[in-house]
>>> print(open('query.txt').read())   # compact mmCIF, C-alpha atoms
# COMPACT_ATOMS: atom_id res chain seq x y z
CA MET B 233 249.19 50.69 78.18
CA VAL B 234 250.10 54.35 77.64
CA THR B 235 253.83 54.97 77.10
CA LYS B 236 255.86 57.18 79.44
CA ILE B 237 255.78 60.02 76.90
CA GLY B 238 252.09 59.38 76.27
CA LYS B 239 251.39 59.70 80.01
CA GLN B 240 253.28 63.01 80.16
CA VAL B 241 251.32 64.36 77.19
CA GLN B 242 248.04 63.02 78.57
CA ASP B 243 248.63 64.69 81.94
CA PHE B 244 249.62 67.93 80.19
CA TYR B 245 246.40 68.12 78.15
CA ASN B 246 244.28 67.02 81.10
CA GLU B 247 245.55 70.09 82.91
CA THR B 248 245.55 72.44 79.90
CA PRO B 249 242.99 71.32 77.27
CA PHE B 250 243.83 72.33 73.71
CA PRO B 251 242.81 74.20 71.65
CA ASP B 252 241.14 75.94 74.57
CA TYR B 253 238.30 78.45 74.24
CA GLU B 254 235.58 80.08 76.28
CA LEU B 255 232.53 77.82 75.97
CA ASP B 256 230.24 80.85 76.14
CA ARG B 257 231.46 81.84 72.65
CA PHE B 258 229.31 79.08 71.18
CA ASN B 259 225.65 79.35 72.11
CA SER B 260 224.29 78.00 68.84
CA LYS B 261 225.34 76.00 65.81
CA ALA B 262 225.42 79.28 63.92
CA ASP B 263 228.00 80.60 66.41
CA LEU B 264 230.12 77.51 65.82
CA ALA B 265 229.89 77.89 62.05
CA SER B 266 230.67 81.60 62.04
CA GLY B 267 233.54 81.15 64.48
CA ALA B 268 235.26 78.44 62.40
CA TYR B 269 238.72 79.29 61.12
CA THR B 270 239.40 79.74 57.42
CA PHE B 271 241.16 76.41 57.01
CA ALA B 272 238.33 74.55 58.75
CA LYS B 273 235.91 76.14 56.27
CA ILE B 274 238.13 75.03 53.36
CA LEU B 275 238.07 71.47 54.73
CA ASP B 276 234.29 71.67 55.09
CA ARG B 277 233.90 72.73 51.45
CA THR B 278 236.34 70.08 50.26
CA ILE B 279 234.99 67.05 52.14
CA PRO B 280 231.72 65.68 50.66
CA LYS B 281 228.65 65.95 52.87
CA ASN B 282 228.06 62.19 52.75
CA ALA B 283 231.63 61.33 53.79
CA THR B 284 232.58 59.71 57.08
CA VAL B 285 235.30 61.68 58.89
CA ILE B 286 237.53 61.06 61.90
CA ASP B 287 239.51 63.84 63.57
CA VAL B 288 242.45 62.11 65.26
CA GLY B 289 243.60 64.09 68.28
CA THR B 290 240.45 66.18 68.26
CA GLY B 291 241.35 67.86 71.57
CA THR B 292 238.52 70.13 72.68
CA GLY B 293 236.54 69.25 69.55
CA GLN B 294 236.15 72.53 67.67
CA LEU B 295 237.03 71.05 64.26
CA SER B 296 235.14 67.78 64.63
CA SER B 297 232.10 69.65 66.00
CA PHE B 298 232.14 72.08 63.07
CA LEU B 299 232.47 69.30 60.48
CA SER B 300 229.58 67.42 62.12
CA LEU B 301 227.19 70.29 61.37
CA ASN B 302 226.88 69.14 57.74
CA ARG B 303 227.63 65.41 58.06
CA LYS B 304 225.93 62.39 59.58
CA ASN B 305 228.97 60.51 60.88
CA VAL B 306 231.94 62.41 62.30
CA TRP B 307 234.25 61.06 65.00
CA GLY B 308 236.71 62.81 67.26
CA ILE B 309 239.25 60.76 69.21
CA ASP B 310 241.82 61.89 71.75
CA LEU B 311 243.97 60.62 74.61
CA SER B 312 243.13 63.41 77.04
CA ASP B 313 240.13 63.25 79.36
CA GLY B 314 240.51 66.97 80.04
CA SER B 315 240.28 67.96 76.38
CA LEU B 316 237.50 65.46 75.67
CA SER B 317 235.51 66.78 78.63
CA LYS B 318 235.34 70.21 76.99
CA ALA B 319 234.55 68.63 73.61
CA ARG B 320 231.65 66.73 75.20
CA LYS B 321 230.32 69.91 76.83
CA LEU B 322 230.29 71.58 73.41
CA LYS B 323 228.62 68.55 71.81
CA GLU B 324 225.93 68.43 74.48
CA LYS B 325 225.37 72.19 74.51
CA LEU B 326 224.78 72.33 70.74
CA LYS B 327 223.14 68.86 70.51
CA LEU B 328 225.60 67.58 67.90
CA ASP B 329 224.06 64.12 67.48
CA SER B 330 226.19 63.21 64.46
CA LEU B 331 229.43 63.59 66.44
CA THR B 332 230.97 60.62 68.27
CA LEU B 333 233.72 61.30 70.80
CA LYS B 334 235.95 58.54 72.14
CA LYS B 335 239.10 58.26 74.23
CA VAL B 336 241.77 56.50 72.15
CA ASP B 337 245.55 56.16 72.34
CA ILE B 338 246.66 56.06 68.71
CA LEU B 339 249.79 54.10 69.62
CA ASN B 340 247.61 51.35 71.10
CA ASP B 341 246.79 48.84 68.34
CA LYS B 342 243.86 47.36 70.28
CA GLU B 343 242.19 50.72 70.90
CA ILE B 344 242.51 51.59 67.21
CA GLU B 345 241.02 48.21 66.27
CA ASP B 346 238.15 48.68 68.74
CA ILE B 347 236.90 51.72 66.84
CA GLY B 348 235.44 49.10 64.52
CA MET B 349 235.08 51.07 61.31
CA LYS B 350 237.04 52.76 58.54
CA PHE B 351 236.54 56.32 57.33
CA ASP B 352 236.54 58.21 54.05
CA TYR B 353 238.65 61.01 55.55
CA VAL B 354 241.25 60.83 58.33
CA LEU B 355 242.49 64.15 59.72
CA CYS B 356 245.43 64.18 62.11
CA LEU B 357 246.45 67.78 62.56
CA GLY B 358 249.18 68.70 65.04
CA VAL B 359 249.16 65.36 66.84
CA LEU B 360 251.79 62.89 65.66
CA HIS B 361 254.72 65.07 66.77
CA HIS B 362 253.50 64.77 70.37
CA THR B 363 253.19 60.96 70.50
CA GLY B 364 256.77 59.81 71.03
CA ASP B 365 256.54 57.62 67.91
CA ALA B 366 255.16 59.68 65.03
CA TYR B 367 255.67 56.99 62.39
CA LYS B 368 253.89 54.29 64.39
CA GLY B 369 251.05 56.72 65.01
CA PHE B 370 250.85 57.38 61.26
CA LYS B 371 250.71 53.67 60.44
CA ASN B 372 248.02 53.12 63.06
CA ILE B 373 245.73 55.90 61.83
CA LEU B 374 246.03 54.50 58.31
CA LYS B 375 244.19 51.46 59.67
CA LEU B 376 241.19 53.77 60.09
CA LEU B 377 241.23 54.86 56.42
CA LYS B 378 239.23 53.13 53.71
CA PRO B 379 241.04 52.09 50.51
CA GLY B 380 240.74 55.15 48.27
CA GLY B 381 240.19 57.35 51.32
CA HIS B 382 241.88 60.67 51.96
CA ILE B 383 244.29 61.65 54.72
CA ALA B 384 245.78 64.89 56.06
CA ILE B 385 248.60 65.02 58.60
CA GLY B 386 249.90 68.20 60.20
CA LEU B 387 253.39 68.29 61.71
CA TYR B 388 256.08 70.66 62.93
CA ASN B 389 258.76 71.19 60.30
CA LYS B 390 262.45 70.94 61.29
CA TYR B 391 263.27 74.19 59.51
CA GLY B 392 260.08 76.13 60.16
CA ARG B 393 260.17 75.36 63.89
CA ILE B 394 263.51 77.13 64.40
CA PRO B 395 262.09 80.64 65.15
CA LEU B 396 259.65 79.22 67.71
CA LYS B 397 262.48 77.39 69.45
CA ILE B 398 264.41 80.66 69.63
CA ARG B 399 261.36 82.43 71.09
CA LYS B 400 260.98 79.66 73.67
CA MET B 401 264.59 80.11 74.74
CA LEU B 402 264.18 83.88 74.99
CA ALA B 403 260.94 83.55 76.97
CA LYS B 404 262.55 81.24 79.51
CA THR B 405 265.83 83.12 79.91
CA ILE B 406 266.03 86.81 79.02
CA PHE B 407 262.31 87.60 79.45
CA LYS B 408 261.60 85.02 82.17
CA ASN B 409 257.99 84.49 81.05
CA ASN B 410 257.14 88.21 81.19
CA ASP B 411 253.38 88.56 80.62
CA LYS B 412 253.71 91.31 78.00
CA VAL B 413 256.24 89.25 76.05
CA LYS B 414 253.99 86.20 76.33
CA ASP B 415 251.09 88.18 74.87
CA TRP B 416 253.32 89.48 72.07
CA PHE B 417 254.63 86.03 71.18
CA ILE B 418 251.13 84.51 71.18
CA GLN B 419 249.75 87.38 69.08
CA MET B 420 252.31 86.39 66.44
CA GLN B 421 250.52 83.05 66.12
CA ILE B 422 246.85 83.62 66.85
CA GLY B 423 246.33 87.37 66.64
CA ASP B 424 243.54 88.54 68.94
CA VAL B 425 244.00 87.34 72.54
CA LYS B 426 240.71 88.59 74.00
CA ASP B 427 239.68 84.96 74.58
CA LYS B 428 242.02 84.39 77.52
CA GLU B 429 241.37 80.65 77.69
CA ARG B 430 242.40 80.33 74.05
CA ALA B 431 245.54 82.44 74.60
CA ARG B 432 246.53 80.45 77.68
CA GLY B 433 245.99 77.17 75.85
CA TRP B 434 248.18 78.29 72.95
CA TRP B 435 250.94 79.49 75.23
CA ASN B 436 251.02 76.20 77.11
CA ASP B 437 250.91 74.11 73.93
CA GLN B 438 253.62 76.02 72.09
CA TYR B 439 255.95 76.99 74.94
CA LEU B 440 255.45 74.51 77.79
CA HIS B 441 254.69 71.20 76.07
CA PRO B 442 256.55 68.21 77.59
CA HIS B 443 257.32 66.50 74.27
CA GLU B 444 257.53 67.35 70.59
CA THR B 445 259.41 66.23 67.50
CA SER B 446 259.88 67.98 64.17
CA HIS B 447 259.95 66.45 60.70
CA THR B 448 260.79 67.08 57.05
CA ILE B 449 258.80 66.82 53.84
CA GLY B 450 261.12 64.04 52.68
CA GLU B 451 260.39 62.05 55.82
CA VAL B 452 256.64 62.26 55.27
CA LEU B 453 256.98 61.41 51.57
CA LYS B 454 258.81 58.24 52.65
CA TRP B 455 255.97 57.43 55.06
CA PHE B 456 253.50 57.80 52.21
CA LYS B 457 255.54 55.70 49.78
CA ASN B 458 256.12 52.88 52.26
CA ASN B 459 252.42 52.68 53.13
CA ASN B 460 250.83 52.92 49.66
CA VAL B 461 249.59 56.49 50.04
CA LYS B 462 249.52 58.79 47.01
CA TYR B 463 250.95 62.25 47.66
CA TYR B 464 248.72 65.20 46.69
CA GLN B 465 250.14 68.43 48.07
CA THR B 466 251.40 70.33 51.09
CA VAL B 467 250.16 73.50 52.73
CA PRO B 468 252.17 75.70 52.46
CA SER B 469 252.95 74.59 48.94
CA SER B 470 256.10 72.60 48.16
CA THR B 471 256.06 73.66 44.51
CA PRO B 472 258.42 76.52 43.53
CA LEU B 473 256.60 79.80 42.92
CA TYR B 474 253.15 78.17 43.21
CA GLN B 475 251.25 79.37 46.26
CA GLY B 476 247.89 77.81 45.49
CA ALA B 477 244.35 79.06 45.89
CA LEU B 478 242.93 76.68 48.45
CA GLU B 479 239.56 78.37 48.60
CA MET B 480 239.00 77.51 44.94
CA ALA B 481 240.99 74.31 44.45
CA GLY B 482 240.46 72.60 47.78
CA VAL B 483 243.17 70.52 49.42
CA TRP B 484 242.93 66.99 48.01
CA ASN B 485 244.02 67.76 44.47
CA ASN B 486 247.35 67.67 42.72
CA ALA B 487 246.54 69.66 39.58
CA ASN B 488 249.14 72.33 40.33
CA GLU B 489 251.54 70.45 42.59
CA THR B 490 254.64 68.71 41.27
CA TYR B 491 256.28 65.98 43.33
CA PRO B 492 258.87 67.83 45.44
CA ILE B 493 262.35 66.50 44.66
CA PHE B 494 265.14 67.05 47.19
CA PRO B 495 266.48 70.45 45.94
CA THR B 496 262.93 71.80 45.85
CA ARG B 497 262.14 70.44 49.30
CA PHE B 498 265.30 71.93 50.76
CA TYR B 499 264.62 75.34 49.22
CA LYS B 500 260.97 75.46 50.25
CA GLN B 501 261.65 74.31 53.81
CA PHE B 502 264.43 76.87 54.13
CA THR B 503 261.91 79.58 53.19
CA TRP B 504 259.54 78.19 55.82
CA ILE B 505 261.93 79.47 58.51
CA TRP B 506 260.34 82.89 58.01
CA ARG B 507 257.20 82.00 56.04
CA THR B 508 255.71 79.70 58.68
CA HIS B 509 257.13 81.17 61.89
CA HIS B 510 253.69 82.61 62.76
CA GLU B 511 252.35 79.04 62.71
CA GLY B 512 255.28 77.67 64.70
CA GLY B 513 256.66 75.90 61.63
CA TYR B 514 253.48 73.90 61.12
CA TRP B 515 252.61 72.34 57.77
CA ILE B 516 250.10 69.81 56.44
CA THR B 517 250.55 67.05 53.89
CA PHE B 518 247.58 65.63 51.96
CA GLY B 519 247.28 62.24 50.35
CA ARG B 520 245.03 59.39 49.27
CA LYS B 521 245.29 55.73 50.22
CA ASN B 522 245.57 53.64 47.07
CA ALA B 523 242.72 51.16 46.62
>>> encode(input="query.txt", output="structure tokens")
Amino acid sequence: MVTKIGKQVQDFYNETPFPDYELDRFNSKADLASGAYTFAKILDRTIPKNATVIDVGTGTGQLSSFLSLNRKNVWGIDLSDGSLSKARKLKEKLKLDSLTLKKVDILNDKEIEDIGMKFDYVLCLGVLHHTGDAYKGFKNILKLLKPGGHIAIGLYNKYGRIPLKIRKMLAKTIFKNNDKVKDWFIQMQIGDVKDKERARGWWNDQYLHPHETSHTIGEVLKWFKNNNVKYYQTVPSSTPLYQGALEMAGVWNNANETYPIFPTRFYKQFTWIWRTHHEGGYWITFGRKNA
């Protein structure tokens, strides 16, 4: 049974699918490939072509659809019928036969078990902080990961989220949801707002969402340690002075990352107040489940 928070989030995304986009943008697989964002392309280059992949909280399916272009077994799961409906339209339009879409509540042990397989790569990007129980969600998605498999989780950071919270307060009080201010605030995060469905989806997700939590690097490192997951790196980097070259190095490597001790974590997260404010304080941690 879906929790009270889960029902609120489900209803929210049924009404405002995310990440939204105009379906007419993608009339071919080539359109989907060319329209993929830089980070999606880095993931595509990093994940082997023969790997099985599950995108947890796939939403409207852009990432899972893109990754399925070069792989034979990609899954996208989500709680929202509204978001999955758009994902299915994209799948059908482009005939993405290697993509499986399924409605799943990641806090529901039975629904996780019913997936019936484990994956080489589990991606959960921007999802756990909307569940009402991020740690339980993390433990449940680990059940989908093969021993030796790779995981990426994206969360809002407690420090980096501060500017967005200030903008939310300003939008609701001083500016009272003024359309020009809304466009300005959204342009900070996604740039071009010509795709009005995309802009509306981002505004709703960032400024009107019914539930979110924010987390620290230390918290996630504890999750990894307690669940036998090897830490690789964060994006943005948690190593002093090192910024990384993701296009060359990929994301599941730790050649240039040192384990972030508390003073380092505090310093880096403090810098994220201004370094990640365009992303709403969002960061991703990468790891590998020990065999």
>>> residues_near_point(input="query.txt", point="(239.7, 71.1, 54.6)", cutoff="10 Å", atoms="all atoms listed in the file", output="list in words")
Thr270, Phe271, Ala272, Lys273, Ile274, Leu275, Asp276, Arg277, Thr278, Ile279, Leu299, Leu355, Ala384, Leu478, Glu479, Gly482, Val483, Trp484 and Phe518 of chain B
>>> closest_atom_pairs(input="query.txt", of="range 378-402 of chain B", to="range 436-444 of chain B", cutoff="9 Å", atoms="only C-alpha atoms", output="tab-separated table")
residue	atom	partner	partner_atom	distance
B:Tyr388	CA	B:Glu444	CA	8.5
B:Leu396	CA	B:Gln438	CA	8.1
B:Lys397	CA	B:Tyr439	CA	8.5
B:Arg399	CA	B:Tyr439	CA	8.6
B:Lys400	CA	B:Tyr439	CA	5.8
>>> residues_around(input="query.txt", residues="range 314-323 of chain B", least_positions_apart="4", cutoff="6 Å", atoms="only C-alpha atoms", output="ChimeraX atom specification")
/B:246,249,291-293,327-328
>>> atom_distance(input="query.txt", atom1="CA of Met233 in chain B", atom2="CA of Ile338 in chain B")
11.2 Å
>>> closest_residue(input="query.txt", among="B:Leu311, B:Ile493, B:Leu326, B:Leu374", to="Asp256 in chain B", atoms="all atoms listed in the file")
B:Leu326
>>> residues_around(input="query.txt", residues="Thr235 in chain B", least_positions_apart="2", cutoff="12 Å", atoms="all atoms listed in the file", output="ChimeraX atom specification")
/B:233,237-242,311,337-340,362-365
>>> atom_distance(input="query.txt", atom1="CA of Ile516 in chain B", atom2="CA of Ile385 in chain B")
5.5 Å
>>> closest_residue(input="query.txt", among="B:Leu360, B:Leu377, B:Ile309, B:Ile347", to="Thr284 in chain B", atoms="only C-alpha atoms")
B:Leu377
>>> closest_residue(input="query.txt", among="B:Lys325, B:His510, B:Arg257, B:Lys350", to="Gly380 in chain B", atoms="all atoms listed in the file")
B:Lys350
